[in-house]
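*Asks:* Sending over a structure as structure tokens; questions will come in a sec.
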Amino acid sequence: MTLKKIAQIIGSEFNGDDLEIKGMNTLKDAQQNELSFVSNSKYIKDIQNSNATAIIVDEKTREYVPDGCVALVVENPYWEMAILSKYFAPAIEDNSLAEPIIGEGSKVSSQAEIARGAVIGKNCTILAHVYVGANAVVGDNTILYPSVIVYRDCKIGNDCMIHANTTIGADGFGFATNKRGEHKKIYQNGNVVVEDDVEIGSNSCIDRAVFGSTLIKKGVRIDNLVQIGHNCEVGEYSVFVAQSGSAGSTKLGRNVVVGGQAAFAGHLKIAPFSTFAARSGVTKNITQSGKTFAGFPLMDHRLWLKLQIKIIKLLK
Amino acid sequence: MTLKKIAQIIGSEFNGDDLEIKGMNTLKDAQQNELSFVSNSKYIKDIQNSNATAIIVDEKTREYVPDGCVALVVENPYWEMAILSKYFAPAIEDNSLAEPIIGEGSKVSSQAEIARGAVIGKNCTILAHVYVGANAVVGDNTILYPSVIVYRDCKIGNDCMIHANTTIGADGFGFATNKRGEHKKIYQNGNVVVEDDVEIGSNSCIDRAVFGSTLIKKGVRIDNLVQIGHNCEVGEYSVFVAQSGSAGSTKLGRNVVVGGQAAFAGHLKIAPFSTFAARSGVTKNITQSGKTFAGFPLMDHRLWLKLQIKIIKLLK
Amino acid sequence: MTLKKIAQIIGSEFNGDDLEIKGMNTLKDAQQNELSFVSNSKYIKDIQNSNATAIIVDEKTREYVPDGCVALVVENPYWEMAILSKYFAPAIEDNSLAEPIIGEGSKVSSQAEIARGAVIGKNCTILAHVYVGANAVVGDNTILYPSVIVYRDCKIGNDCMIHANTTIGADGFGFATNKRGEHKKIYQNGNVVVEDDVEIGSNSCIDRAVFGSTLIKKGVRIDNLVQIGHNCEVGEYSVFVAQSGSAGSTKLGRNVVVGGQAAFAGHLKIAPFSTFAARSGVTKNITQSGKTFAGFPLMDHRLWLKLQIKIIKLLK
């Protein structure tokens with residue numbers, strides 16, 4: 001889409017050279033020919049180093065956009081970004097893509113649907129009612145149990161096992177809200193990457209990234225009914241027990257253990273080898289590795305045990 | 001079904017004029033030719049104004065039933081109502097219904113099943129393994145991702161997006177229990193109505209009403225793994241974050257924000273523009289709009305923050 | 001598989017008579033010609049009475065293995081057991097099994113898949129996108145709503161109703177972890193048995209046993225988004241409200257009521273007629289029947305109410 005067209009859609013003035021814009025991204029990750037946006041003043045510091053060709057900003061932020069980068073000025077950059085995200089969303093299915101490729105030795109149920117552009121590796125078992133979307137890739141020796149749904153562009157590694165009714169790559173929960181309280185969907189144009197040797201239980205959800213990838217690293221074990229929000233990274237060999245979850249953009253180190261019904265707020269960094277007891281509620285970064293936590297608000301596990309004794313005393 | 005037949009099924013005496021009964025309903029919502037019941041003395045006050053043709057009551061409650069309304073007297077009205085509910089349940093699928101209608105420009109996967117009597121609007125995308133039940137209606141421009149299941153009689157609006165493996169209109173959790181601790185299913189003969197511009201995440205559940213409708217109003221955003229119980233009403237532009245839920249019959253005003261893993265007890269009224277932090281547990285009505293809450297038991301969000309400081313002091 | 005082959009796979013010395021091993025099991029439940037293991041010193045006491053033909057042990061535990069039982073000595077018995085579990089896992093689907101049998105009066109959607117070896121009873125309704133795995137059995141008059149997935153070898157009773165997108169018999173969450181933090185899957189070679197007159201909501205998960213059966217007894221009611229771990233037993237007429245769950249191997253008596261979002265740790269015993277308020281967290285055995293509990297940590301419900309009053313006072 002051209003910059004001129006973009007400016008027209010969002011009602012911004014634009015007099016510069018017309019350029020082709022290929023996608024949208026964060027300030028940090030934007031490449032040349034990509035469009036970015038500033039929706040929060042805390043990101044102003046990232047403008048200077050961004051490779052974005054154009055940035056949607058409000059009037060106050062315009063001055064931070066350096067020469068050589070186009071500033072598209074609007075009243076509500078987040079709302080306009082949401083509107084534009086739809087234009088950059090690929091079609092759900094695309095008949096112009098090649099027939100799907102099924103690797104040697106793989107068994108695909110006649111009641112599974114592998115969309116055009118998808119590639120299935122060798123020696124896979126794809127059971128009934130599975131859906132593998134456009135351009136999605138499944139590695140070798142991977143088993144997809146019935147009714148596993150893999151959205152377009154997602155990648156599943158080798159030697160993985162995904163249990164029934166699990167959803168990989170549905171849209172992250174993203175929308176802009178205007179003054180009247182109405183919501184506008186932010187299309188989630190990233191994907192999910194599941195590395196090798198990952199097992200995911202039944203009826204779990206791993207959301208696709210808004211930009212870039214939600215990443216489930218090698219050897220991870222995810223139980224049933226688990227929620228992994230968009231743009232999370234789950235480190236190697238980490239474990240999520242049933243009904244636990246993480247809000248978006250949280251990054252866990254390797255061998256983090258997350259107890260049942262525990263949950264993470266968004267945008268956190270969690271040190272490797274951290275352990276969270278069942279129903280922990282994590283709202284702050286964990287910087288020291290190898291520690292065990294419990295409770296909500298979260299505290300050291302021993303402190304939490306001490307608190308329970310205090311509560312019993314309080315009751316006497 | 002005739003009153004005579006009904007009296008026979010539930011073992012109640014009946015000597016009046018035989019009448020055709022077309023359905024069951026609450027005392028408040030029952031129309032003429034409908035049957036109602038009193039299972040709890042707190043509803044006795046609603047008998048007087050009910051339009052029900054007949055009411056199932058116990059011996060003690062019989063005297064409150066006015067002339068012109070038939071009292072069917074049994075020992076356990078709730079149990080007998082449960083037994084009768086099955087007789088009023090429509091068939092899951094019905095070959096006598098018309099072929100489904102698919103609107104112009106809609107794409108329906110050959111691996112989706114649209115039941116007889118269903119109507120799909122214009123320009124919809126219905127992906128593989130979707131099921132749309134008998135007499136269900138889907139509006140225009142709506143996207144149903146793979147393995148979305150819409151039970152019979154439910155209505156989905158225009159411009160909606162429902163993600164994979166989500167279930168709309170499964171039976172609400174209703175049953176009667178007798179003295180021996182055995183359960184009898186209450187058939188859920190209502191439906192779900194999802195208005196326009198609603199997005200629902202993956203692996204979520206919106207249960208059908210026992211009578212009437214579970215209602216998801218315009219512009220609502222529901223994340224993954226969310227539970228909405230039977231007969232709930234979710235106001236315009238309200239937001240449910242992942243793994244949150246509501247028990248049955250709770251009514252939320254517009255723009256209510258429900259954090260991750262938060263939950264509502266049943267039969268509550270929640271004022272518009274209320275915000276509930278992650279893992280809030282709501283057990284009382286919220287009457288003042290625009291406030292923010294946290295904790296379980298629920299308290300003002302600032303009070304909850306204060307409590308956390310007190311707890312830390314207590315530990316020192 | 002022969003003992004010789006087993007010893008070779010796990011790198012254990014073996015000089016005795018070669019014997020055919022037919023399966024793996026716990027010390028307690030192992031029959032002759034089965035293999036067992038000791039991964040924790042607290043199970044040493046069970047060695048003496050085990051009928052296992054061979055037991056995988058570490059060097060320290062070897063001396064407890066009686067004459068007539070083969071001790072296979074390795075460094076990490078749990079890890080080696082995990083490796084072996086794969087060899088005893090049956091194929092997901094098996095073309096040598098008989099064509100599935102569908103009972104008289106049953107309707108099976110052409111978009112459902114019933115695997116070879118499966119048996120469906122009389123007068124069942126099997127809707128679209130259902131999968132019933134190899135050797136699975138479904139009783140009479142049972143309704144499987146769309147996209148219900150029943151894994152191989154599981155048994156569903158008569159007069160059951162299972163709602164859409166629910167998964168019965170996916171693998172329990174079991175794996176061994178080595179010193180480098182890597183995980184090895186323990187194949188779950190047991191099954192799930194659901195007795196008669198059970199209703200299960202939508203998007204719930206009942207995991208198959210590692211050995212033996214996960215058992216859902218007669219008349220149980222399970223709501224939506226509920227997690228039942230491997231080897232649990234849920235007593236007659238017990239009730240799990242939405243988003244509640246139990247970790248593995250917990251045994252509940254009859255008529256236990258589990259509120260919404262409540263959860264059980266693993267390996268507990270819960271007395272019959274116990275009631276747990278919403279969001280209870282149960283980490284200890286309940287030995288007295290008929291009591292009501294709340295909170296996490298769990299306490300008597302009246303005590304919990306008292307605690308809330310104390311907390312309010314603390315805040316003043």
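Residues in the structure tokens are named by chain (A, B, ... in the order shown) and by number from 1 within that chain; ligands are numbered from 1 in the order shown.
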So which residues of segment 16-214 of chain C fall under strand (DSSP E or B) by DSSP, listed as JSON, numbers by chain?

*Replies:* {"C": [20, 23, 24, 34, 35, 36, 37, 54, 55, 56, 57, 70, 71, 72, 73, 101, 102, 107, 108, 113, 114, 119, 120, 125, 126, 131, 132, 137, 138, 143, 144, 149, 150, 155, 156, 161, 162, 167, 168, 169, 170, 171, 175, 176, 177, 183, 184, 185, 191, 192, 193, 194, 199, 200, 205, 206, 207, 208, 213, 214]}

*Asks:* For a quick test of understanding: name the residues of chain C lying within 9 Å of chain B when counting only C-alpha atoms, and present them as an mmCIF file with C-alpha atoms, in the first residue's frame.

*Replies:*
```
data_model
loop_
_atom_site.group_PDB
_atom_site.id
_atom_site.type_symbol
_atom_site.label_atom_id
_atom_site.label_comp_id
_atom_site.auth_asym_id
_atom_site.auth_seq_id
_atom_site.Cartn_x
_atom_site.Cartn_y
_atom_site.Cartn_z
ATOM 1 C CA GLN C 111 -18.592 -35.666 9.182
ATOM 2 C CA THR C 125 -26.476 -39.224 18.463
ATOM 3 C CA ALA C 128 -20.395 -33.640 13.082
ATOM 4 C CA HIS C 129 -16.639 -33.489 13.695
ATOM 5 C CA TYR C 145 -22.060 -32.932 20.456
ATOM 6 C CA PRO C 146 -19.907 -31.613 17.613
ATOM 7 C CA SER C 147 -16.137 -31.828 17.922
ATOM 8 C CA HIS C 163 -20.888 -31.060 24.906
ATOM 9 C CA ALA C 164 -18.981 -29.554 22.044
ATOM 10 C CA ASN C 165 -15.194 -29.340 21.874
ATOM 11 C CA GLU C 199 -23.091 -34.889 31.624
ATOM 12 C CA GLY C 201 -19.950 -29.417 29.438
ATOM 13 C CA SER C 202 -18.101 -27.874 26.543
ATOM 14 C CA ASN C 203 -14.322 -27.411 26.160
ATOM 15 C CA GLY C 219 -24.420 -39.349 37.605
ATOM 16 C CA VAL C 220 -21.508 -36.874 37.734
ATOM 17 C CA ARG C 221 -22.073 -33.349 36.375
ATOM 18 C CA ILE C 222 -19.075 -31.488 34.914
ATOM 19 C CA ASP C 223 -19.435 -27.937 33.601
ATOM 20 C CA ASN C 224 -17.404 -26.097 30.930
ATOM 21 C CA LEU C 225 -13.613 -25.595 30.824
ATOM 22 C CA GLU C 236 -21.122 -40.639 42.005
ATOM 23 C CA TYR C 237 -23.184 -37.468 41.520
ATOM 24 C CA VAL C 241 -18.589 -26.037 38.244
ATOM 25 C CA ALA C 242 -16.964 -24.168 35.346
ATOM 26 C CA GLN C 243 -13.192 -23.553 35.234
ATOM 27 C CA ARG C 254 -19.757 -39.209 46.042
ATOM 28 C CA ASN C 255 -21.722 -35.940 45.925
ATOM 29 C CA GLY C 260 -16.214 -22.421 39.970
ATOM 30 C CA GLN C 261 -12.433 -22.011 39.535
ATOM 31 C CA ALA C 278 -15.822 -21.077 44.351
ATOM 32 C CA ARG C 279 -12.041 -20.699 44.027
ATOM 33 C CA GLN C 308 -12.930 -11.624 55.714
ATOM 34 C CA ILE C 311 -9.378 -8.294 57.041
ATOM 35 C CA ILE C 312 -11.878 -5.455 56.814
ATOM 36 C CA LEU C 314 -7.345 -4.611 59.599
ATOM 37 C CA LEU C 315 -7.983 -2.049 56.880
#
```

*Asks:* Write out as JSON, numbers by chain which residues come within 12 Å of Gly157 of chain B when counting only C-alpha atoms, dropping same-chain ones fewer than 4 positions away.

*Replies:* {"B": [119, 120, 121, 122, 124, 136, 137, 138, 139, 140, 141, 142, 143, 144, 161, 162, 192, 193, 194, 195, 196, 197, 198, 199, 215, 216, 217, 218, 219, 220]}

*Asks:* List every residue of segment 31-268 of chain C that DSSP, applied to the backbone of this structure, places in helix (DSSP H, G or I), and write the result as a PDB file with N, CA and C atoms, in the first residue's frame.

*Replies:*
```
ATOM      1  N   SER C  41      11.830 -43.125  47.232  1.00  0.00           N
ATOM      2  CA  SER C  41      12.057 -44.098  48.307  1.00  0.00           C
ATOM      3  C   SER C  41      10.795 -44.409  49.101  1.00  0.00           C
ATOM      4  N   LYS C  42       9.789 -43.544  49.046  1.00  0.00           N
ATOM      5  CA  LYS C  42       8.577 -43.820  49.822  1.00  0.00           C
ATOM      6  C   LYS C  42       7.799 -45.019  49.267  1.00  0.00           C
ATOM      7  N   TYR C  43       8.138 -45.448  48.059  1.00  0.00           N
ATOM      8  CA  TYR C  43       7.453 -46.623  47.502  1.00  0.00           C
ATOM      9  C   TYR C  43       8.198 -47.934  47.773  1.00  0.00           C
ATOM     10  N   ILE C  44       9.358 -47.856  48.438  1.00  0.00           N
ATOM     11  CA  ILE C  44      10.145 -49.069  48.707  1.00  0.00           C
ATOM     12  C   ILE C  44       9.305 -50.108  49.445  1.00  0.00           C
ATOM     13  N   LYS C  45       8.441 -49.617  50.353  1.00  0.00           N
ATOM     14  CA  LYS C  45       7.588 -50.525  51.136  1.00  0.00           C
ATOM     15  C   LYS C  45       6.630 -51.354  50.261  1.00  0.00           C
ATOM     16  N   ASP C  46       6.333 -50.878  49.050  1.00  0.00           N
ATOM     17  CA  ASP C  46       5.411 -51.604  48.175  1.00  0.00           C
ATOM     18  C   ASP C  46       6.101 -52.696  47.352  1.00  0.00           C
ATOM     19  N   GLU C  59      20.700 -48.234  42.289  1.00  0.00           N
ATOM     20  CA  GLU C  59      21.636 -49.089  43.007  1.00  0.00           C
ATOM     21  C   GLU C  59      21.234 -49.292  44.475  1.00  0.00           C
ATOM     22  N   LYS C  60      20.837 -48.182  45.128  1.00  0.00           N
ATOM     23  CA  LYS C  60      20.491 -48.233  46.550  1.00  0.00           C
ATOM     24  C   LYS C  60      19.262 -49.078  46.846  1.00  0.00           C
ATOM     25  N   THR C  61      18.386 -49.172  45.882  1.00  0.00           N
ATOM     26  CA  THR C  61      17.087 -49.809  46.123  1.00  0.00           C
ATOM     27  C   THR C  61      17.120 -51.290  45.759  1.00  0.00           C
ATOM     28  N   ARG C  62      18.175 -51.703  45.069  1.00  0.00           N
ATOM     29  CA  ARG C  62      18.283 -53.063  44.554  1.00  0.00           C
ATOM     30  C   ARG C  62      18.056 -54.104  45.659  1.00  0.00           C
ATOM     31  N   GLU C  63      18.595 -53.837  46.831  1.00  0.00           N
ATOM     32  CA  GLU C  63      18.550 -54.837  47.914  1.00  0.00           C
ATOM     33  C   GLU C  63      17.128 -55.161  48.377  1.00  0.00           C
ATOM     34  N   TYR C  64      16.141 -54.268  48.094  1.00  0.00           N
ATOM     35  CA  TYR C  64      14.764 -54.513  48.546  1.00  0.00           C
ATOM     36  C   TYR C  64      13.976 -55.414  47.600  1.00  0.00           C
ATOM     37  N   PRO C  77      15.699 -44.308  37.523  1.00  0.00           N
ATOM     38  CA  PRO C  77      14.596 -45.192  37.141  1.00  0.00           C
ATOM     39  C   PRO C  77      13.409 -44.464  36.496  1.00  0.00           C
ATOM     40  N   TYR C  78      13.104 -43.256  36.947  1.00  0.00           N
ATOM     41  CA  TYR C  78      11.944 -42.535  36.407  1.00  0.00           C
ATOM     42  C   TYR C  78      12.171 -42.185  34.938  1.00  0.00           C
ATOM     43  N   TRP C  79      13.376 -41.740  34.648  1.00  0.00           N
ATOM     44  CA  TRP C  79      13.747 -41.391  33.268  1.00  0.00           C
ATOM     45  C   TRP C  79      13.688 -42.622  32.363  1.00  0.00           C
ATOM     46  N   GLU C  80      14.198 -43.737  32.856  1.00  0.00           N
ATOM     47  CA  GLU C  80      14.214 -44.959  32.028  1.00  0.00           C
ATOM     48  C   GLU C  80      12.790 -45.490  31.832  1.00  0.00           C
ATOM     49  N   MET C  81      11.971 -45.350  32.879  1.00  0.00           N
ATOM     50  CA  MET C  81      10.574 -45.743  32.754  1.00  0.00           C
ATOM     51  C   MET C  81       9.895 -44.919  31.656  1.00  0.00           C
ATOM     52  N   ALA C  82      10.216 -43.612  31.633  1.00  0.00           N
ATOM     53  CA  ALA C  82       9.640 -42.743  30.603  1.00  0.00           C
ATOM     54  C   ALA C  82      10.048 -43.227  29.210  1.00  0.00           C
ATOM     55  N   ILE C  83      11.316 -43.550  29.068  1.00  0.00           N
ATOM     56  CA  ILE C  83      11.800 -44.038  27.763  1.00  0.00           C
ATOM     57  C   ILE C  83      11.055 -45.302  27.357  1.00  0.00           C
ATOM     58  N   LEU C  84      10.882 -46.217  28.318  1.00  0.00           N
ATOM     59  CA  LEU C  84      10.215 -47.488  27.999  1.00  0.00           C
ATOM     60  C   LEU C  84       8.725 -47.310  27.697  1.00  0.00           C
ATOM     61  N   SER C  85       8.100 -46.305  28.329  1.00  0.00           N
ATOM     62  CA  SER C  85       6.637 -46.144  28.177  1.00  0.00           C
ATOM     63  C   SER C  85       6.245 -46.032  26.715  1.00  0.00           C
TER      64      SER C  85
END
```

*Asks:* Which is closer to Thr26 of chain A than all the others in A:Cys154, A:Val65, A:Leu305, A:Ile55, using only C-alpha atoms?

*Replies:* A:Ile55

*Asks:* Asp300 of chain A: which residues within 12 Å, counting only C-alpha atoms, same-chain residues fewer than 5 positions away excluded, as a list in words?

*Replies:*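 Contacts, with the query itself left out: Ser274, Thr275, Phe276, Ala277, Ser280, Val282, Ile286, Gln288, Gly290, Lys291, Thr292, Phe293, Ala294, Gly295, Leu305, Lys306 and Leu307 of chain A; Ile312 and Leu315 of chain B.
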
*Asks:* In Å, rounded to a single decimal, give me how far atom CA of Val70 of chain C is from atom CA of Ile47 of chain C.

*Replies:*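 Separation of atom CA of Ile47 of chain C and atom CA of Val70 of chain C: 11.5 Å.
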
*Asks:* I'd like the interatomic distance between atom CA of Arg302 of chain B and atom CA of Gly259 of chain A, to a tenth of an Å.

*Replies:*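 Distance between the two atoms: 28.1 Å.
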
*Asks:* Go ahead and compute the interatomic distance for atom CA of Lys269 of chain C and atom CA of Asp29 of chain C, in Å to one decimal.

*Replies:*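 Computing the Euclidean distance for atom CA of Lys269 of chain C and atom CA of Asp29 of chain C yields 18.5 Å.
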